[in-house]
Amino acid sequence: MSRTRSTSRTALLAALGLITATGATATVLGTATAGAAAPGCKVTYQVTNQWSTGFGTNVTVTNTGDPVSAWTLEWTYAGNQQVTQGWNATITQSGAAVTARNVSYNGALATGGSTSFGFNGSYSGTNAVPAAFKLNGVVCNGATEPTEPPTTPPTTPPTTPPPAGTKADNPYAGAKVYVNPEWSAKAAAEPGGTRISGQPTGVWLDRIAAINGSATSMGLRAHLDEALKQKGSGELVVQLVVYNLPGRDCAALASNGELGPTEIGRYKTEYIDPIAAILGDPKYAGLRIVTTVEIDSLPNLVTNVSGRPTATPNCDVMKANGNYITGVGYALKKLGSIGNVYNYVDAGHHGWLGWDDNFGASAELFKQAATAEGSTVSNVHGFIVNTANYSALKENNFKIEDSVNGVSVRQSKWVDWNRYTDELSYAQAMRTKLVSLGFDSNLGMLIDTSRNGWGGTQRPTGPGALTSVDTYVNGGKYDRRIHLGNWCNQSGAGLGERPTAAPAAGIDAYVWMKPPGESDGASKEIPNNEGKGFDRMCDPTYTGNARNGNSMSGALPDAPISGQWFSAQFQELMKNAYPAL
């Protein structure tokens, strides 16, 4: 899915009028001449910032004529401006003449369609806006002079311009994915672990200290430097988990974070800003950087607040102060402005949001967050589901439309009126809903399959008995959790589908965002300096609460705090892998 809308563009341009706009913007309009085959265009050239020797510009081309499958925009500078770096177009310059050509994902322009590209440049003296443009060889000539661009430099001149290069519709297509050497070494040290130690996994930035790293752990720059080595001459994706909101995980104590509910300022300046500064380093412009933004946050504001039996006071606090919305919006805007970063927002999983009263409300909340703090939906490349969870990818032995003796599968105790039976159907349906709310029509979904294989000797080979709807569902379901609400170090779980690009319609990739073998939370209270608490859902003796139907937790014993290595879980995941290792 492309970040730049590839709404198609027109073929030819006729005479255009140059219209003055504030903020150093020139708008050039093309209109069809009598007897012409409806050519036409509108070009907006906007100097977005300027300092003593340089400037940044955004150019928007709107096709008002016949559709085109490719476009070339040309203009000539009156001064000594030189384009130094561009994005979302291939830009070349010879003397004062500049040519911008579409890239693979934004060439087609339908009537009324638009696309934008940007660049940074240098100049001395004056920086006049170009007076004329040509689109696909047809002159767009202007009428009135535009105002001069601003001469007051920004408070902080942009010393690190947006990275060059273009965004792929699917960043995983045709690319390798970064193998975290720290996780790989732990996996390889386990008996049999070398069978999967070469798989790519997510790098979790779950606290401020993780950005710089330490003497015993790699920081963000160290991972990106290693990624450049792994990249070679091809394309490579680096997967990062951005996970440190104020009042984090208001309903799950095992992964509480270091920032208090009101510390949104620290989240911005000490966490997101430093990450953005590193990712924006031109040194890393050749990497495709996938960020999965703040898992298990926004859905809590729908399902775990007052009025719900699953309500928690902490989630009421976060809904009231708005810092989840503010934090996600800020992160999306800041990271989305970097040319080679692909933001994927967490969208829960089917066992959380699949019910009618959760599904639509959550999608609308995602839209609210994506447009907060000056962000727009264009900063969202896609969404990720099932992060660090166990929901089966595809339940093949029963469908939501099935019934037994006239009783719908939705009425079974396991499904419990959910609209979806597995992650694939949920991800595809959520994608459709999000597009209907205004997200990109090419929106891509990721599914975390790191622990949802449910293989081994207990995996059903066919449907359950038709005695009742419960025997039918329970006998055939792959997901062997006691309850869909169980989420901590689940007994019997296995590795799922290996990371794969474009495996199904609307799905950018199956990923292992949660590194197999890293604990979900401690089985008992363990003092630590990471702000992580003890959640009874990680205690194998716990008899449950409203969020898991007052069922046993299904958790493995003797687990360390979240994120630490859990050898017993790793071995169980390999044993129950599906497909088998």
# chains A, B, ... in the order shown; residues from 1 in each chain; ligands from 1
call {"tool": "select_by_dssp", "arguments": {"residues": "region 82-221 of chain A", "states": "strand (DSSP E or B)", "output": "PyMOL selection string"}}
result
chain A and resi 82-87+90-94+97-101+109+114-122+133-135+138-140+165+175-177+203-205
call {"tool": "write_last_selection", "arguments": {"atoms": "C-alpha atoms", "output": "PDB file, in the first residue's frame"}}
result
ATOM      1  CA  GLN A  82      19.518  23.285  -7.276  1.00  0.00           C
ATOM      2  CA  VAL A  83      17.443  20.257  -6.233  1.00  0.00           C
ATOM      3  CA  THR A  84      19.514  18.241  -3.759  1.00  0.00           C
ATOM      4  CA  GLN A  85      17.150  15.500  -2.601  1.00  0.00           C
ATOM      5  CA  GLY A  86      13.652  14.354  -3.534  1.00  0.00           C
ATOM      6  CA  TRP A  87      10.985  11.833  -2.607  1.00  0.00           C
ATOM      7  CA  THR A  90      12.445  10.794  -9.713  1.00  0.00           C
ATOM      8  CA  ILE A  91      13.908  14.290 -10.078  1.00  0.00           C
ATOM      9  CA  THR A  92      16.767  15.285 -12.394  1.00  0.00           C
ATOM     10  CA  GLN A  93      18.205  18.707 -13.203  1.00  0.00           C
ATOM     11  CA  SER A  94      20.272  20.104 -16.085  1.00  0.00           C
ATOM     12  CA  ALA A  97      15.793  22.950 -16.094  1.00  0.00           C
ATOM     13  CA  VAL A  98      14.185  20.412 -13.731  1.00  0.00           C
ATOM     14  CA  THR A  99      12.323  17.225 -14.659  1.00  0.00           C
ATOM     15  CA  ALA A 100      10.217  15.200 -12.186  1.00  0.00           C
ATOM     16  CA  ARG A 101       8.885  11.800 -13.259  1.00  0.00           C
ATOM     17  CA  LEU A 109      -3.725   9.707 -12.754  1.00  0.00           C
ATOM     18  CA  SER A 114      -3.838  14.073  -7.545  1.00  0.00           C
ATOM     19  CA  THR A 115      -0.399  13.115  -6.375  1.00  0.00           C
ATOM     20  CA  SER A 116       2.323  14.942  -4.480  1.00  0.00           C
ATOM     21  CA  PHE A 117       6.084  14.827  -4.314  1.00  0.00           C
ATOM     22  CA  GLY A 118       8.671  16.832  -2.472  1.00  0.00           C
ATOM     23  CA  PHE A 119      12.283  17.885  -2.541  1.00  0.00           C
ATOM     24  CA  ASN A 120      14.934  19.905  -0.783  1.00  0.00           C
ATOM     25  CA  GLY A 121      17.092  22.409  -2.625  1.00  0.00           C
ATOM     26  CA  SER A 122      19.847  24.977  -2.296  1.00  0.00           C
ATOM     27  CA  PHE A 133       5.290  24.191 -15.902  1.00  0.00           C
ATOM     28  CA  LYS A 134       4.917  21.530 -18.572  1.00  0.00           C
ATOM     29  CA  LEU A 135       3.106  18.254 -17.941  1.00  0.00           C
ATOM     30  CA  VAL A 138       2.240  20.420 -22.789  1.00  0.00           C
ATOM     31  CA  VAL A 139       2.915  23.948 -21.577  1.00  0.00           C
ATOM     32  CA  CYS A 140       0.998  25.286 -18.597  1.00  0.00           C
ATOM     33  CA  GLY A 165      13.838   7.297  -2.324  1.00  0.00           C
ATOM     34  CA  ALA A 175      12.768  -7.490   0.324  1.00  0.00           C
ATOM     35  CA  LYS A 176      14.676  -9.381   2.969  1.00  0.00           C
ATOM     36  CA  VAL A 177      13.717  -8.693   6.578  1.00  0.00           C
ATOM     37  CA  VAL A 203      12.958  -5.011  17.658  1.00  0.00           C
ATOM     38  CA  TRP A 204      11.032  -3.724  20.698  1.00  0.00           C
ATOM     39  CA  LEU A 205      11.691  -0.141  21.788  1.00  0.00           C
TER      40      LEU A 205
END
call {"tool": "closest_residue", "arguments": {"among": "A:Cys488, A:Val407, A:Val380, A:Ala502", "to": "Leu556 (chain A)", "atoms": "only C-alpha atoms"}}
result
A:Cys488
call {"tool": "select_by_dssp", "arguments": {"residues": "region 131-329 of chain A", "states": "helix (DSSP H, G or I)", "output": "PyMOL selection string"}}
result
chain A and resi 181-189+193-195+209-212+220-231+253-255+264-279+282-284+300-303+313-321+323-329
call {"tool": "atom_distance", "arguments": {"atom1": "CA of Asp206 (chain A)", "atom2": "CA of Asn576 (chain A)"}}
result
28.1 Å
call {"tool": "closest_atom_pairs", "arguments": {"of": "region 241-350 of chain A", "to": "region 354-376 of chain A", "cutoff": "8 Å", "atoms": "only C-alpha atoms", "output": "tab-separated table"}}
result
residue	atom	partner	partner_atom	distance
A:Leu298	CA	A:Leu365	CA	7.1
A:Pro299	CA	A:Ser362	CA	6.0
A:Val302	CA	A:Ser362	CA	6.4
A:Thr303	CA	A:Asn358	CA	6.8
A:Ile325	CA	A:Ala369	CA	4.8
A:Thr326	CA	A:Ala372	CA	6.2
A:Val328	CA	A:Ala369	CA	6.0
A:Gly329	CA	A:Ala372	CA	4.6
A:Tyr330	CA	A:Glu373	CA	5.4
A:Leu332	CA	A:Ser375	CA	6.5
A:Lys333	CA	A:Ser375	CA	4.6
A:Ala347	CA	A:Phe366	CA	8.0
A:His349	CA	A:Gly354	CA	7.3
A:His350	CA	A:Gly354	CA	4.5
call {"tool": "write_last_selection", "arguments": {"atoms": "C-alpha atoms", "output": "tab-separated table (two decimals), in the first residue's frame"}}
result
chain	number	residue	atom	x	y	z
A	298	LEU	CA	-6.28	2.29	21.62
A	299	PRO	CA	-8.63	-0.73	21.89
A	302	VAL	CA	-13.26	1.03	23.78
A	303	THR	CA	-13.46	-2.20	25.75
A	325	ILE	CA	-4.83	9.53	21.27
A	326	THR	CA	-2.35	12.37	21.57
A	328	VAL	CA	-0.32	7.89	18.81
A	329	GLY	CA	-1.14	10.92	16.67
A	330	TYR	CA	2.17	12.56	17.54
A	332	LEU	CA	2.38	8.89	13.44
A	333	LYS	CA	3.00	12.46	12.34
A	347	ALA	CA	-5.60	-3.07	15.69
A	349	HIS	CA	-7.15	-9.15	17.37
A	350	HIS	CA	-10.40	-10.91	16.60
call {"tool": "residues_around", "arguments": {"residues": "Tyr271 (chain A)", "least_positions_apart": "2", "cutoff": "12 Å", "atoms": "only C-alpha atoms", "output": "VMD selection string"}}
result
chain A and resid 205 to 212 220 242 to 246 258 to 259 263 to 269 273 to 278 327 330 to 331 334 to 335
call {"tool": "residues_around", "arguments": {"residues": "Thr543 (chain A)", "least_positions_apart": "5", "cutoff": "7 Å", "atoms": "only C-alpha atoms", "output": "NGL selection string"}}
result
:A and (550-553)
call {"tool": "residues_around", "arguments": {"residues": "Asp296 (chain A)", "least_positions_apart": "6", "cutoff": "10 Å", "atoms": "only C-alpha atoms", "output": "list in words"}}
result
Tyr243, Arg248, Asp249, Cys250, Ala251, Ala252, Ser255, Asp346, Ala347, Gly348, His349, Asn386, Thr387 and Ala388 of chain A
call {"tool": "residues_around", "arguments": {"residues": "Gly453 (chain A)", "least_positions_apart": "2", "cutoff": "7 Å", "atoms": "only C-alpha atoms", "output": "list in words"}}
result
Ala392, Arg451, Gly455, Ala493, Gly494, Leu495, Gly496, Glu497, Ala577 and Tyr578 of chain A
call {"tool": "residues_around", "arguments": {"residues": "Glu518 (chain A)", "least_positions_apart": "3", "cutoff": "10 Å", "atoms": "only C-alpha atoms", "output": "list in words"}}
result
Trp183, Ala388, Asn489, Lys514, Pro515, Gly521, Ala559, Pro560, Ile561, Ser562, Gly563, Gln564, Trp565, Phe566, Ser567, Gln569 and Phe570 of chain A
call {"tool": "write_last_selection", "arguments": {"atoms": "N, CA and C atoms", "output": "PDB file, in the first residue's frame"}}
result
ATOM      1  N   TRP A 183      18.336 -11.590  19.377  1.00  0.00           N
ATOM      2  CA  TRP A 183      17.354 -12.674  19.467  1.00  0.00           C
ATOM      3  C   TRP A 183      17.890 -13.930  18.810  1.00  0.00           C
ATOM      4  N   ALA A 388       1.798 -10.198  19.432  1.00  0.00           N
ATOM      5  CA  ALA A 388       2.084 -10.866  20.708  1.00  0.00           C
ATOM      6  C   ALA A 388       0.896 -11.674  21.208  1.00  0.00           C
ATOM      7  N   ASN A 489       1.651 -16.093  27.992  1.00  0.00           N
ATOM      8  CA  ASN A 489       2.486 -17.318  27.980  1.00  0.00           C
ATOM      9  C   ASN A 489       1.630 -18.587  27.895  1.00  0.00           C
ATOM     10  N   LYS A 514       6.416 -10.353  17.626  1.00  0.00           N
ATOM     11  CA  LYS A 514       6.803 -10.767  18.982  1.00  0.00           C
ATOM     12  C   LYS A 514       7.866 -11.851  18.838  1.00  0.00           C
ATOM     13  N   PRO A 515       9.079 -11.622  19.315  1.00  0.00           N
ATOM     14  CA  PRO A 515      10.119 -12.634  19.176  1.00  0.00           C
ATOM     15  C   PRO A 515       9.787 -13.889  19.990  1.00  0.00           C
ATOM     16  N   GLY A 521       4.934 -11.973  30.515  1.00  0.00           N
ATOM     17  CA  GLY A 521       4.825 -11.420  31.858  1.00  0.00           C
ATOM     18  C   GLY A 521       5.193 -12.462  32.889  1.00  0.00           C
ATOM     19  N   ALA A 559       7.515 -18.113  34.692  1.00  0.00           N
ATOM     20  CA  ALA A 559       7.873 -17.168  33.626  1.00  0.00           C
ATOM     21  C   ALA A 559       8.555 -15.942  34.215  1.00  0.00           C
ATOM     22  N   PRO A 560       9.528 -15.358  33.492  1.00  0.00           N
ATOM     23  CA  PRO A 560      10.154 -14.101  33.921  1.00  0.00           C
ATOM     24  C   PRO A 560       9.299 -12.909  33.493  1.00  0.00           C
ATOM     25  N   ILE A 561       9.757 -11.686  33.797  1.00  0.00           N
ATOM     26  CA  ILE A 561       8.993 -10.498  33.422  1.00  0.00           C
ATOM     27  C   ILE A 561       8.938 -10.369  31.897  1.00  0.00           C
ATOM     28  N   SER A 562       7.981  -9.586  31.427  1.00  0.00           N
ATOM     29  CA  SER A 562       7.770  -9.472  29.988  1.00  0.00           C
ATOM     30  C   SER A 562       9.036  -8.998  29.279  1.00  0.00           C
ATOM     31  N   GLY A 563       9.291  -9.629  28.141  1.00  0.00           N
ATOM     32  CA  GLY A 563      10.445  -9.289  27.326  1.00  0.00           C
ATOM     33  C   GLY A 563      11.692 -10.081  27.627  1.00  0.00           C
ATOM     34  N   GLN A 564      11.743 -10.737  28.805  1.00  0.00           N
ATOM     35  CA  GLN A 564      12.924 -11.538  29.126  1.00  0.00           C
ATOM     36  C   GLN A 564      12.798 -12.944  28.550  1.00  0.00           C
ATOM     37  N   TRP A 565      13.938 -13.590  28.362  1.00  0.00           N
ATOM     38  CA  TRP A 565      13.960 -14.895  27.701  1.00  0.00           C
ATOM     39  C   TRP A 565      13.324 -15.966  28.565  1.00  0.00           C
ATOM     40  N   PHE A 566      12.466 -16.768  27.933  1.00  0.00           N
ATOM     41  CA  PHE A 566      11.705 -17.801  28.623  1.00  0.00           C
ATOM     42  C   PHE A 566      11.922 -19.106  27.857  1.00  0.00           C
ATOM     43  N   SER A 567      12.945 -19.847  28.279  1.00  0.00           N
ATOM     44  CA  SER A 567      13.368 -21.039  27.545  1.00  0.00           C
ATOM     45  C   SER A 567      12.258 -22.076  27.413  1.00  0.00           C
ATOM     46  N   GLN A 569       9.060 -21.683  27.287  1.00  0.00           N
ATOM     47  CA  GLN A 569       8.095 -21.276  26.263  1.00  0.00           C
ATOM     48  C   GLN A 569       8.678 -21.489  24.866  1.00  0.00           C
ATOM     49  N   PHE A 570       9.928 -21.134  24.675  1.00  0.00           N
ATOM     50  CA  PHE A 570      10.561 -21.295  23.367  1.00  0.00           C
ATOM     51  C   PHE A 570      10.525 -22.752  22.920  1.00  0.00           C
TER      52      PHE A 570
END
call {"tool": "closest_residue", "arguments": {"among": "A:Asn256, A:Gln239, A:Gln490, A:Thr457", "to": "Asp535 (chain A)", "atoms": "only C-alpha atoms"}}
result
A:Asn256
call {"tool": "closest_residue", "arguments": {"among": "A:Glu525, A:Asp508, A:Asp539, A:Asp558", "to": "Trp487 (chain A)", "atoms": "only C-alpha atoms"}}
result
A:Asp539
call {"tool": "closest_residue", "arguments": {"among": "A:Asn323, A:Asn58, A:Asn389, A:Ser184", "to": "Thr201 (chain A)", "atoms": "only C-alpha atoms"}}
result
A:Ser184
call {"tool": "atom_distance", "arguments": {"atom1": "CA of Ser408 (chain A)", "atom2": "CA of Val469 (chain A)"}}
result
7.2 Å
call {"tool": "atom_distance", "arguments": {"atom1": "CA of Ser197 (chain A)", "atom2": "CA of Pro503 (chain A)"}}
result
21.8 Å
